[in-house]
>>> print(open('run25.tsv').read())   # TSV, C-alpha atoms
chain	number	residue	atom	x	y	z
V	1042	MET	CA	11.63	-7.51	-7.75
V	1043	ALA	CA	12.74	-5.58	-10.73
V	1044	ILE	CA	16.27	-5.73	-12.01
V	1045	LEU	CA	18.44	-2.68	-11.99
V	1046	LEU	CA	20.36	-2.02	-15.16
V	1047	GLY	CA	22.95	0.56	-16.00
V	1048	ASP	CA	24.91	2.80	-13.75
V	1049	GLY	CA	25.34	6.47	-13.01
V	1050	CYS	CA	22.57	8.77	-11.88
V	1051	ALA	CA	19.64	7.33	-13.81
V	1052	ARG	CA	18.54	3.77	-13.14
V	1053	THR	CA	16.76	1.66	-15.68
V	1054	LEU	CA	14.38	-0.96	-14.37
V	1055	GLN	CA	13.32	-4.15	-16.09
V	1056	MET	CA	9.62	-4.45	-15.43
V	1057	GLU	CA	8.83	-8.07	-16.31
V	1058	PRO	CA	9.38	-9.28	-12.72
V	1059	VAL	CA	6.84	-6.70	-11.55
V	1060	LEU	CA	4.22	-8.24	-13.84
V	1061	GLU	CA	5.07	-11.76	-12.75
V	1062	HIS	CA	4.40	-10.86	-9.14
V	1063	PHE	CA	1.10	-9.08	-9.79
V	1064	PRO	CA	-1.82	-10.84	-8.04
V	1065	GLN	CA	-3.49	-13.53	-10.10
V	1066	ALA	CA	-7.01	-12.79	-8.88
V	1067	VAL	CA	-8.85	-9.49	-8.67
V	1068	LEU	CA	-11.70	-9.68	-6.17
V	1069	VAL	CA	-14.22	-7.25	-7.55
V	1070	GLU	CA	-17.79	-7.42	-8.69
V	1071	ARG	CA	-17.86	-7.88	-12.43
V	1072	LEU	CA	-20.19	-5.64	-14.42
V	1073	PRO	CA	-22.34	-7.41	-17.01
V	1074	LEU	CA	-21.13	-5.09	-19.75
V	1075	VAL	CA	-18.65	-4.94	-22.59
V	1076	ALA	CA	-15.97	-2.31	-22.06
V	1077	GLY	CA	-13.66	-0.98	-24.70
V	1078	VAL	CA	-10.22	0.26	-23.81
V	1079	TYR	CA	-8.06	2.43	-25.99
V	1080	TYR	CA	-4.36	2.84	-25.34
V	1081	THR	CA	-2.89	5.72	-27.26
V	1082	PRO	CA	0.50	5.16	-28.92
V	1083	GLU	CA	1.94	7.78	-26.58
V	1084	PHE	CA	0.63	5.91	-23.56
V	1085	ARG	CA	2.01	2.60	-24.75
V	1086	ALA	CA	5.45	4.05	-25.45
V	1087	MET	CA	5.84	6.29	-22.43
V	1088	ARG	CA	8.87	5.94	-20.21
V	1089	SER	CA	9.12	7.46	-16.79
V	1090	GLY	CA	12.36	9.32	-17.43
V	1091	GLY	CA	14.10	11.04	-14.56
V	1092	ASP	CA	16.31	9.27	-12.09
V	1093	VAL	CA	14.31	6.05	-12.25
V	1094	ASP	CA	13.68	5.06	-15.84
V	1095	PHE	CA	11.15	2.33	-16.55
V	1096	ALA	CA	8.64	1.49	-19.26
V	1097	VAL	CA	5.67	2.92	-17.42
V	1098	GLY	CA	3.44	2.84	-20.51
V	1099	ALA	CA	3.99	-0.77	-21.56
V	1100	THR	CA	3.81	-1.95	-17.96
V	1101	SER	CA	0.59	-0.02	-17.40
V	1102	VAL	CA	-0.98	-1.53	-20.51
V	1103	ALA	CA	-0.18	-5.00	-19.18
V	1104	LEU	CA	-1.64	-4.16	-15.77
V	1105	PHE	CA	-4.84	-2.62	-17.15
V	1106	ASN	CA	-5.21	-5.72	-19.31
V	1107	ARG	CA	-5.15	-7.78	-16.14
V	1108	VAL	CA	-7.62	-5.81	-14.04
V	1109	LEU	CA	-10.18	-4.81	-16.69
V	1110	PRO	CA	-11.33	-8.39	-17.48
V	1111	ALA	CA	-12.10	-8.75	-13.78
V	1112	MET	CA	-14.25	-5.62	-13.82
V	1113	PHE	CA	-16.34	-6.33	-16.92
V	1114	ASP	CA	-17.91	-9.38	-18.51
V	1115	GLU	CA	-15.95	-8.63	-21.63
V	1116	THR	CA	-13.18	-6.24	-22.50
V	1117	THR	CA	-12.01	-5.34	-25.95
V	1118	GLN	CA	-9.03	-3.31	-27.05
V	1119	LEU	CA	-9.95	-0.64	-29.55
V	1120	ALA	CA	-7.86	0.53	-32.45
V	1121	GLY	CA	-8.87	4.15	-32.15
V	1122	PRO	CA	-10.34	6.69	-29.75
V	1123	PRO	CA	-14.08	7.31	-29.49
V	1124	PRO	CA	-16.11	8.05	-31.50
V	1125	ALA	CA	-15.11	5.17	-33.70
V	1126	PRO	CA	-16.83	2.56	-35.85
V	1127	TYR	CA	-17.11	-0.08	-33.22
V	1128	ARG	CA	-20.70	0.36	-32.16
V	1129	GLU	CA	-21.48	-3.02	-33.64
V	1130	GLN	CA	-19.22	-4.60	-31.05
V	1131	ASN	CA	-21.78	-3.86	-28.35
V	1132	VAL	CA	-19.32	-1.75	-26.42
V	1133	ALA	CA	-21.04	-0.02	-23.52
V	1134	CYS	CA	-18.24	2.36	-22.59
V	1135	VAL	CA	-14.73	3.26	-23.63
V	1136	ILE	CA	-11.93	3.68	-21.13
V	1137	VAL	CA	-8.92	5.74	-22.15
V	1138	PRO	CA	-6.14	5.84	-19.57
V	1139	SER	CA	-3.24	8.23	-19.83
V	1140	ILE	CA	-0.28	8.93	-17.61
V	1141	GLU	CA	-0.65	12.25	-15.90
V	1142	SER	CA	2.69	12.20	-14.13
V	1143	VAL	CA	5.49	10.05	-12.86
V	1144	GLN	CA	7.39	11.50	-9.96
V	1145	THR	CA	10.51	10.05	-8.47
V	1146	ARG	CA	12.23	11.41	-5.45
V	1147	PHE	CA	15.79	10.50	-4.57
V	1148	MET	CA	15.21	7.00	-5.94
V	1149	GLN	CA	13.23	6.28	-2.79
V	1150	ARG	CA	9.72	7.38	-3.56
V	1151	VAL	CA	7.77	6.90	-6.76
V	1152	ARG	CA	4.33	8.25	-7.54
V	1153	VAL	CA	2.47	7.32	-10.70
V	1154	ALA	CA	-0.71	9.20	-11.56
V	1155	TYR	CA	-3.15	8.12	-14.25
V	1156	ARG	CA	-5.86	10.19	-15.83
V	1157	ILE	CA	-8.82	7.96	-16.53
V	1158	ARG	CA	-11.45	9.00	-19.05
V	1159	VAL	CA	-14.62	7.02	-19.50
V	1160	SER	CA	-16.89	7.87	-22.38
V	1161	SER	CA	-19.79	6.46	-24.31
V	1162	PRO	CA	-18.96	4.72	-27.61
V	1163	GLN	CA	-20.12	7.90	-29.28
V	1164	GLY	CA	-17.47	9.88	-27.46
V	1165	VAL	CA	-19.59	11.59	-24.83
V	1166	GLU	CA	-17.53	11.85	-21.67
V	1167	LEU	CA	-19.12	10.08	-18.74
V	1168	ALA	CA	-16.39	10.60	-16.16
V	1169	ALA	CA	-12.78	11.64	-15.85
V	1170	TRP	CA	-10.61	11.43	-12.77
V	1171	THR	CA	-7.08	10.99	-11.58
V	1172	VAL	CA	-5.88	8.00	-9.65
V	1173	SER	CA	-2.40	7.71	-8.28
V	1174	GLY	CA	-0.26	5.18	-6.54
V	1175	THR	CA	2.74	5.79	-4.36
V	1176	GLY	CA	5.56	3.48	-3.48
V	1177	GLY	CA	8.01	4.10	-0.70
V	1178	GLU	CA	6.18	6.10	1.90
V	1179	PRO	CA	7.67	6.97	5.26
V	1180	TYR	CA	11.36	7.34	5.69
V	1181	SER	CA	11.93	4.07	7.45
V	1182	ALA	CA	10.31	2.05	4.72
V	1183	ALA	CA	11.51	3.65	1.54
V	1184	SER	CA	15.11	3.70	2.52
V	1185	GLN	CA	15.11	-0.04	2.91
V	1186	ALA	CA	12.97	-1.17	0.00
V	1187	THR	CA	14.58	-1.95	-3.33
V	1188	LEU	CA	13.84	0.46	-6.12
V	1189	GLY	CA	11.98	-2.24	-8.03
V	1190	GLU	CA	9.72	-2.87	-5.05
V	1191	VAL	CA	9.00	0.83	-4.73
V	1192	VAL	CA	7.99	1.12	-8.42
V	1193	ALA	CA	5.98	-2.10	-8.29
V	1194	SER	CA	4.19	-0.88	-5.22
V	1195	ALA	CA	3.31	2.44	-6.83
V	1196	LEU	CA	1.84	0.74	-9.90
V	1197	ARG	CA	-0.02	-1.88	-7.89
V	1198	ASN	CA	-1.34	0.78	-5.55
V	1199	ALA	CA	-2.63	2.83	-8.49
V	1200	MET	CA	-4.31	-0.21	-10.07
V	1201	ALA	CA	-6.00	-1.01	-6.79
V	1202	GLY	CA	-7.24	2.56	-6.59
V	1203	PHE	CA	-8.56	2.37	-10.14
V	1204	VAL	CA	-10.45	-0.88	-9.52
V	1205	ILE	CA	-11.92	0.19	-6.19
V	1206	GLY	CA	-12.69	3.74	-7.26
V	1207	PHE	CA	-14.19	3.09	-10.67
V	1208	ARG	CA	-17.79	2.69	-9.57
V	1209	GLY	CA	-17.56	5.47	-7.05
V	1210	GLN	CA	-17.02	8.15	-9.68
V	1211	PRO	CA	-20.19	10.25	-9.90
V	1212	GLY	CA	-20.34	10.06	-13.69
V	1213	VAL	CA	-19.82	6.31	-13.72
V	1214	ARG	CA	-22.38	5.83	-10.97
V	1215	GLU	CA	-24.99	7.82	-12.86
V	1216	TRP	CA	-24.24	5.99	-16.07
V	1217	LEU	CA	-24.53	2.62	-14.35
V	1218	ALA	CA	-27.80	3.70	-12.77
V	1219	THR	CA	-29.25	4.38	-16.23
V	1220	ARG	CA	-28.47	0.76	-17.02
V	1221	GLY	CA	-30.05	-0.49	-13.85
V	1222	LEU	CA	-26.75	-1.32	-12.24
V	1223	GLY	CA	-26.22	-0.12	-8.70
V	1224	VAL	CA	-22.98	0.46	-6.90
V	1225	LEU	CA	-21.41	-2.41	-5.01
V	1226	ASP	CA	-24.44	-4.64	-5.09
V	1227	GLY	CA	-24.72	-8.24	-6.13
V	1228	PRO	CA	-22.20	-10.98	-5.61
V	1229	ALA	CA	-18.54	-10.45	-6.19
V	1230	GLU	CA	-16.70	-12.89	-8.35
V	1231	ALA	CA	-13.16	-14.06	-8.08
V	1232	SER	CA	-11.89	-13.25	-11.51
V	1233	PRO	CA	-8.62	-14.69	-12.66
V	1234	ALA	CA	-6.58	-11.80	-13.94
V	1235	GLN	CA	-5.64	-12.25	-17.55
V	1236	ARG	CA	-2.57	-11.22	-19.40
M	623	MET	CA	17.72	-3.48	9.29
M	624	MET	CA	15.86	-0.66	10.90
M	625	ARG	CA	16.49	2.97	10.21
M	626	TRP	CA	18.10	3.77	13.49
M	627	ALA	CA	20.88	1.32	12.76
M	628	HIS	CA	22.22	3.93	10.35
M	629	GLY	CA	23.07	6.10	13.34
M	630	ILE	CA	25.26	3.39	14.77
M	631	TRP	CA	27.11	3.00	11.50
M	632	SER	CA	27.59	6.75	11.30
M	633	LEU	CA	29.12	6.75	14.74
M	634	LEU	CA	31.44	3.93	13.81
M	635	GLY	CA	32.46	5.92	10.76
M	636	PHE	CA	33.30	8.92	12.89
M	637	ALA	CA	35.26	6.76	15.27
M	638	LEU	CA	37.27	5.22	12.47
M	639	ALA	CA	38.00	8.66	11.09
M	640	GLY	CA	39.62	9.62	14.35
M	641	CYS	CA	36.88	11.91	15.67
M	642	LEU	CA	36.11	11.91	19.37
M	643	VAL	CA	32.44	11.18	19.34
M	644	ALA	CA	30.92	8.96	21.97
M	645	PRO	CA	27.44	7.47	21.74
M	646	VAL	CA	25.35	7.94	24.85
M	647	PRO	CA	22.10	5.98	25.05
M	648	VAL	CA	19.30	7.90	26.73
M	649	PRO	CA	15.81	6.76	27.71
M	650	VAL	CA	12.94	7.30	25.32
M	651	SER	CA	10.01	9.41	26.32
M	652	PHE	CA	7.14	7.03	25.63
M	653	GLU	CA	3.66	8.42	26.05
M	654	GLY	CA	1.89	5.06	26.13
M	655	VAL	CA	-0.84	3.55	23.99
M	656	ASP	CA	-4.08	5.44	23.59
M	657	SER	CA	-6.78	2.83	23.08
M	658	SER	CA	-9.77	5.00	23.92
M	659	ASN	CA	-11.09	4.65	20.35
M	660	ALA	CA	-10.55	0.92	19.99
M	661	SER	CA	-12.60	-2.07	20.97
M	662	VAL	CA	-10.85	-5.33	20.27
M	663	SER	CA	-12.17	-8.65	21.52
M	664	PRO	CA	-9.93	-11.67	21.91
M	665	LEU	CA	-9.52	-14.37	19.30
M	666	GLU	CA	-12.14	-17.06	19.75
M	667	SER	CA	-10.04	-20.03	18.74
M	668	PRO	CA	-6.35	-20.77	18.45
M	669	GLU	CA	-6.88	-21.38	14.76
M	670	GLU	CA	-7.86	-17.79	14.05
M	671	ARG	CA	-5.06	-15.81	12.49
M	672	VAL	CA	-3.89	-12.22	12.40
M	673	VAL	CA	-2.16	-10.18	9.72
M	674	VAL	CA	-0.12	-7.06	10.35
M	675	LEU	CA	0.05	-4.70	7.38
M	676	SER	CA	1.87	-1.48	6.81
M	677	THR	CA	-0.03	1.32	5.14
M	678	ALA	CA	3.28	2.27	3.52
M	679	MET	CA	2.63	-0.67	1.17
M	680	THR	CA	6.27	-1.27	0.29
M	681	ASP	CA	7.60	-2.30	3.62
M	682	ASP	CA	5.85	-5.56	4.26
M	683	GLU	CA	8.95	-6.91	5.86
M	684	ARG	CA	10.38	-3.71	7.28
M	685	GLY	CA	9.76	-0.78	9.58
M	686	VAL	CA	7.52	-0.51	12.61
M	687	ALA	CA	4.92	-2.86	11.11
M	688	ASP	CA	7.47	-5.61	10.92
M	689	CYS	CA	8.68	-4.79	14.41
M	690	VAL	CA	5.09	-5.08	15.74
M	691	ARG	CA	4.60	-8.34	13.87
M	692	LYS	CA	7.77	-9.91	15.24
M	693	ALA	CA	7.18	-8.64	18.76
M	694	MET	CA	3.62	-9.98	18.82
M	695	ARG	CA	4.90	-13.34	17.69
M	696	GLU	CA	7.68	-13.38	20.26
M	697	GLN	CA	5.35	-12.38	23.07
M	698	ASN	CA	2.64	-14.86	22.09
M	699	ALA	CA	4.06	-18.08	20.78
M	700	SER	CA	0.62	-19.51	20.06
M	701	LEU	CA	-0.52	-16.53	17.98
M	702	ARG	CA	-0.93	-17.54	14.35
M	703	MET	CA	-0.12	-14.99	11.69
M	704	VAL	CA	-0.38	-14.63	7.94
M	705	SER	CA	2.26	-12.77	5.96
M	706	ALA	CA	1.31	-9.38	4.60
M	707	ARG	CA	2.15	-10.39	1.05
M	708	GLU	CA	0.04	-13.54	1.13
M	709	PHE	CA	-2.90	-11.61	2.54
M	710	ARG	CA	-2.63	-8.72	0.08
M	711	ASP	CA	-2.25	-11.02	-2.91
M	712	ALA	CA	-5.27	-13.07	-1.87
M	713	LEU	CA	-7.42	-9.98	-1.32
M	714	PHE	CA	-6.26	-7.67	-4.10
M	715	PRO	CA	-7.23	-4.85	-4.48
M	716	TRP	CA	-8.83	-4.26	-1.09
M	717	PHE	CA	-5.72	-3.91	1.07
M	718	ASP	CA	-3.43	-2.37	-1.54
M	719	PHE	CA	-4.96	1.03	-1.46
M	720	GLN	CA	-5.87	3.35	1.34
M	721	THR	CA	-9.55	2.67	1.04
M	722	SER	CA	-12.07	4.46	3.16
M	723	ALA	CA	-13.74	2.51	5.95
M	724	GLU	CA	-16.97	2.55	3.93
M	725	GLU	CA	-15.30	1.12	0.84
M	726	LEU	CA	-13.46	-1.49	2.86
M	727	ARG	CA	-16.62	-2.52	4.66
M	728	ALA	CA	-18.40	-2.89	1.31
M	729	GLY	CA	-15.47	-4.84	-0.11
M	730	LEU	CA	-15.33	-7.16	2.87
M	731	SER	CA	-19.01	-7.97	2.47
M	732	HIS	CA	-18.53	-9.53	-0.96
M	733	PRO	CA	-18.66	-13.32	-1.08
M	734	ALA	CA	-15.38	-13.76	-2.94
M	735	VAL	CA	-13.59	-11.57	-0.42
M	736	ARG	CA	-15.20	-13.39	2.47
M	737	ASP	CA	-14.20	-16.73	0.93
M	738	ALA	CA	-10.60	-15.58	0.61
M	739	ILE	CA	-10.59	-14.45	4.25
M	740	ALA	CA	-12.13	-17.74	5.34
M	741	ARG	CA	-9.51	-19.71	3.40
M	742	LEU	CA	-6.77	-17.80	5.19
M	743	ASN	CA	-8.67	-18.03	8.48
M	744	VAL	CA	-7.81	-14.43	9.30
M	745	ARG	CA	-9.82	-12.71	12.01
M	746	TYR	CA	-7.96	-9.42	12.39
M	747	ALA	CA	-6.11	-7.20	9.95
M	748	ILE	CA	-3.91	-4.73	11.81
M	749	LEU	CA	-2.95	-1.74	9.69
M	750	VAL	CA	0.11	0.08	10.98
M	751	ASN	CA	0.53	3.68	9.91
M	752	GLU	CA	3.92	5.07	10.79
M	753	GLU	CA	3.94	8.82	10.66
M	754	LYS	CA	6.92	10.98	9.91
M	755	ARG	CA	8.93	12.54	12.61
M	756	ASN	CA	8.61	16.20	13.35
M	757	PRO	CA	12.25	17.04	13.67
M	758	LYS	CA	12.98	19.53	16.39
M	759	GLN	CA	16.70	19.46	15.93
M	760	GLY	CA	19.01	17.05	14.21
M	761	LEU	CA	17.45	13.63	13.99
M	762	SER	CA	15.40	13.97	17.15
M	763	GLY	CA	11.68	14.28	17.18
M	764	PHE	CA	8.47	12.35	17.61
M	765	VAL	CA	7.43	9.04	16.21
M	766	THR	CA	3.70	8.59	16.05
M	767	VAL	CA	2.18	5.31	15.01
M	768	SER	CA	-1.51	4.66	14.60
M	769	VAL	CA	-2.89	1.18	14.30
M	770	GLN	CA	-6.28	0.53	12.77
M	771	VAL	CA	-7.78	-2.80	13.69
M	772	TRP	CA	-10.23	-4.48	11.32
M	773	ASP	CA	-12.20	-7.54	12.24
M	774	VAL	CA	-12.17	-8.83	8.67
M	775	GLU	CA	-14.27	-11.85	9.55
M	776	GLN	CA	-17.10	-9.60	10.73
M	777	ALA	CA	-16.25	-6.76	8.30
M	778	GLN	CA	-16.09	-4.35	11.23
M	779	ASP	CA	-13.73	-1.54	12.01
M	780	ARG	CA	-12.59	-2.06	15.63
M	781	GLY	CA	-11.03	1.35	15.99
M	782	VAL	CA	-7.64	2.96	16.18
M	783	LEU	CA	-4.77	2.77	18.65
M	784	TRP	CA	-2.22	5.54	18.95
M	785	ALA	CA	1.27	5.44	20.33
M	786	ARG	CA	3.84	8.17	20.43
M	787	ALA	CA	7.40	8.44	21.66
M	788	SER	CA	10.08	11.05	21.33
M	789	GLY	CA	13.77	10.59	20.94
M	790	GLY	CA	16.30	9.99	18.22
M	791	SER	CA	19.90	11.01	17.77
M	792	GLU	CA	21.46	14.35	18.48
M	793	PHE	CA	25.07	15.55	18.43
M	794	LEU	CA	26.17	17.60	21.41
M	795	GLY	CA	29.65	19.07	21.23
M	796	ILE	CA	32.00	20.95	18.96
M	797	PRO	CA	31.18	20.14	15.37
M	798	TYR	CA	33.40	20.39	12.27
M	799	PRO	CA	36.36	20.50	12.12
M	800	LEU	CA	36.95	19.07	15.58
M	801	MET	CA	34.01	16.74	15.90
M	802	ILE	CA	34.39	16.30	19.61
M	803	GLY	CA	31.37	15.50	21.65
M	804	VAL	CA	28.70	12.94	22.28
M	805	VAL	CA	25.75	11.67	20.34
M	806	VAL	CA	22.77	11.05	22.55
M	807	MET	CA	20.74	8.25	21.11
M	808	SER	CA	17.36	6.75	21.83
M	809	PHE	CA	15.09	4.57	19.78
M	810	PRO	CA	11.50	5.78	19.94
M	811	GLU	CA	10.40	3.36	17.20
M	812	GLU	CA	11.31	0.44	19.43
M	813	ALA	CA	9.36	1.86	22.34
M	814	VAL	CA	6.28	2.44	20.20
M	815	CYS	CA	6.59	-1.01	18.68
M	816	ARG	CA	6.92	-2.66	22.07
M	817	GLY	CA	3.99	-0.74	23.53
M	818	LEU	CA	1.66	-1.52	20.64
M	819	SER	CA	2.61	-5.17	20.35
M	820	GLU	CA	2.11	-5.70	24.08
M	821	TRP	CA	-1.31	-4.04	23.98
M	822	LEU	CA	-2.38	-6.01	20.92
M	823	GLY	CA	-1.04	-9.27	22.32
M	824	ARG	CA	-3.00	-8.84	25.52
M	825	ALA	CA	-6.17	-7.79	23.72
M	826	LEU	CA	-6.10	-10.62	21.18
M	827	MET	CA	-4.99	-13.44	23.43
M	828	SER	CA	-6.70	-12.73	26.72
M	829	GLY	CA	-8.98	-9.77	26.26
M	830	GLU	CA	-7.02	-7.71	28.78
M	831	HIS	CA	-6.10	-4.26	27.53
>>> encode(input="run25.tsv", output="structure tokens")
Amino acid sequence: MAILLGDGCARTLQMEPVLEHFPQAVLVERLPLVAGVYYTPEFRAMRSGGDVDFAVGATSVALFNRVLPAMFDETTQLAGPPPAPYREQNVACVIVPSIESVQTRFMQRVRVAYRIRVSSPQGVELAAWTVSGTGGEPYSAASQATLGEVVASALRNAMAGFVIGFRGQPGVREWLATRGLGVLDGPAEASPAQR
Amino acid sequence: MMRWAHGIWSLLGFALAGCLVAPVPVPVSFEGVDSSNASVSPLESPEERVVVLSTAMTDDERGVADCVRKAMREQNASLRMVSAREFRDALFPWFDFQTSAEELRAGLSHPAVRDAIARLNVRYAILVNEEKRNPKQGLSGFVTVSVQVWDVEQAQDRGVLWARASGGSEFLGIPYPLMIGVVVMSFPEEAVCRGLSEWLGRALMSGEH
């Protein structure tokens, strides 16, 4: 999927093909809320480093921008962290993802872990948790998959975990309950993922 | 190409290098399929389809999952299957993450998910979990594969099958610098794959376990 560039010990991956192959629809119940998302400059610019080098930050921003519109009625990118002067935008919560770690092992196994922080617009933390995705599991699979597929799988796996696990976080669940929104009730919508 | 093919190439390499190493195939110790925790009813129409997924996520077209998929197809020409990639893309994110049974059941109850399953006409999702070997010595050890069967049409977990076999490759002889001896070789993955695909084929096509 991804293109290998360079030679020697470290491999640099071009991530655009990974984004092209990301699913077009995210089948999840959409919350009738406006969510803000703030990507720190460090998050946007982060590279994995190590023996498999790829733009993990920029790719993650693109992937979050695809899944978040499927999870909320409206999503807005914020210019700064909470608390910030965007209360007038009717933002119900602010999501700030960061990359906790990127682990590569012998160019055959990649694990990407995100730290997700959800807070009120005023900056009160509602929930924080880690979600990770792994590409290239057992020996017989990883050794045969291309490196690009392994990275793509790790990122996709982590995004799936984020989408599925969001409402299950105790802090998120309690916050939703205060707004009269239960967990996993109501009809799901097929939401076209957006770039 | 499956993992165990590497052993054959290694042997060829030794042979070309002038070492006296002979491959000796030996039978696999296959412990059979444990289906005591599974209840799978046969497909109700020839139009219903099946998808075989690997929990490893990256090896849609490789490994034991692929072996099971191909063997089921070979053994049951009329069995209709959906590719893992098509199924995962249509149902993202529900089969891209190792969701709990509770989460998966909740996900499968949503109308959009049910619509996607209906469009694909998939009745069963078979999740193949290939566990690592426990090496005793060399490359020998156990291969354990568990298969979780989901009736995605009914949003019901139909239980888990287990299969285990032991074998692998092991050098017996005088090692470096002489490299004289034999390599006993067996392919437990193939035995597990064959056992599981036969069980699943029987269960899905005729209801016989």
>>> residues_around(input="run25.tsv", residues="V:Arg1158", least_positions_apart="6", cutoff="8 Å", atoms="all atoms listed in the file", output="MDAnalysis selection string")
chainID V and resid 1136:1138 1166:1170
>>> closest_residue(input="run25.tsv", among="M:Gln778, M:Ser768, M:Gln720, M:Ser828", to="chain V", atoms="all atoms listed in the file")
M:Gln720
>>> residues_around(input="run25.tsv", residues="stretch 652-663 of chain M", least_positions_apart="6", cutoff="7 Å", atoms="all atoms listed in the file", output="list in words")
Arg780, Gly781, Val782, Leu783, Trp784, Ala785, Arg786, Ala787, Ser788, Ala813, Gly817, Leu818, Ala825, Leu826 and Gly829 of chain M
>>> closest_residue(input="run25.tsv", among="V:Cys1134, V:Met1200, V:Leu1074, V:Val1069", to="V:Asn1106", atoms="only C-alpha atoms")
V:Met1200
>>> axis_aligned_box(input="run25.tsv", around="stretch 1162-1179 of chain V", padding_each_side="6 Å", output="AutoDock Vina command-line options")
--center_x -6.1 --center_y 7.7 --center_z -12.0 --size_x 40.1 --size_y 20.4 --size_z 46.5
>>> closest_residue(input="run25.tsv", among="V:Gly1189, V:Pro1110, V:Pro1082, V:Pro1064", to="chain M", atoms="all atoms listed in the file")
V:Pro1064
>>> closest_residue(input="run25.tsv", among="M:Arg695, M:His732, M:Arg671, M:Arg824", to="chain V", atoms="all atoms listed in the file")
M:His732
>>> closest_residue(input="run25.tsv", among="M:Val735, M:Val805, M:Leu800, M:Leu742", to="chain V", atoms="all atoms listed in the file")
M:Val735
>>> residues_around(input="run25.tsv", residues="V:Phe1113", least_positions_apart="5", cutoff="10 Å", atoms="all atoms listed in the file", output="list in words")
Val1069, Glu1070, Arg1071, Leu1072, Pro1073, Leu1074, Val1075, Ala1076, Gly1077, Val1108 and Ser1232 of chain V
>>> write_last_selection(input="run25.tsv", atoms="C-alpha atoms", output="compact mmCIF listing (two decimals), in the frame of the given file")
# COMPACT_ATOMS: atom_id res chain seq x y z
CA VAL V 1069 -14.22 -7.25 -7.55
CA GLU V 1070 -17.79 -7.42 -8.69
CA ARG V 1071 -17.86 -7.88 -12.43
CA LEU V 1072 -20.19 -5.64 -14.42
CA PRO V 1073 -22.34 -7.41 -17.01
CA LEU V 1074 -21.13 -5.09 -19.75
CA VAL V 1075 -18.65 -4.94 -22.59
CA ALA V 1076 -15.97 -2.31 -22.06
CA GLY V 1077 -13.66 -0.98 -24.70
CA VAL V 1108 -7.62 -5.81 -14.04
CA SER V 1232 -11.89 -13.25 -11.51
>>> residues_near_point(input="run25.tsv", point="(6.1, -4.5, -14.8)", cutoff="10 Å", atoms="all atoms listed in the file", output="PyMOL selection string")
chain V and resi 1042-1043+1054-1063+1095-1104+1189+1192-1193+1196-1197
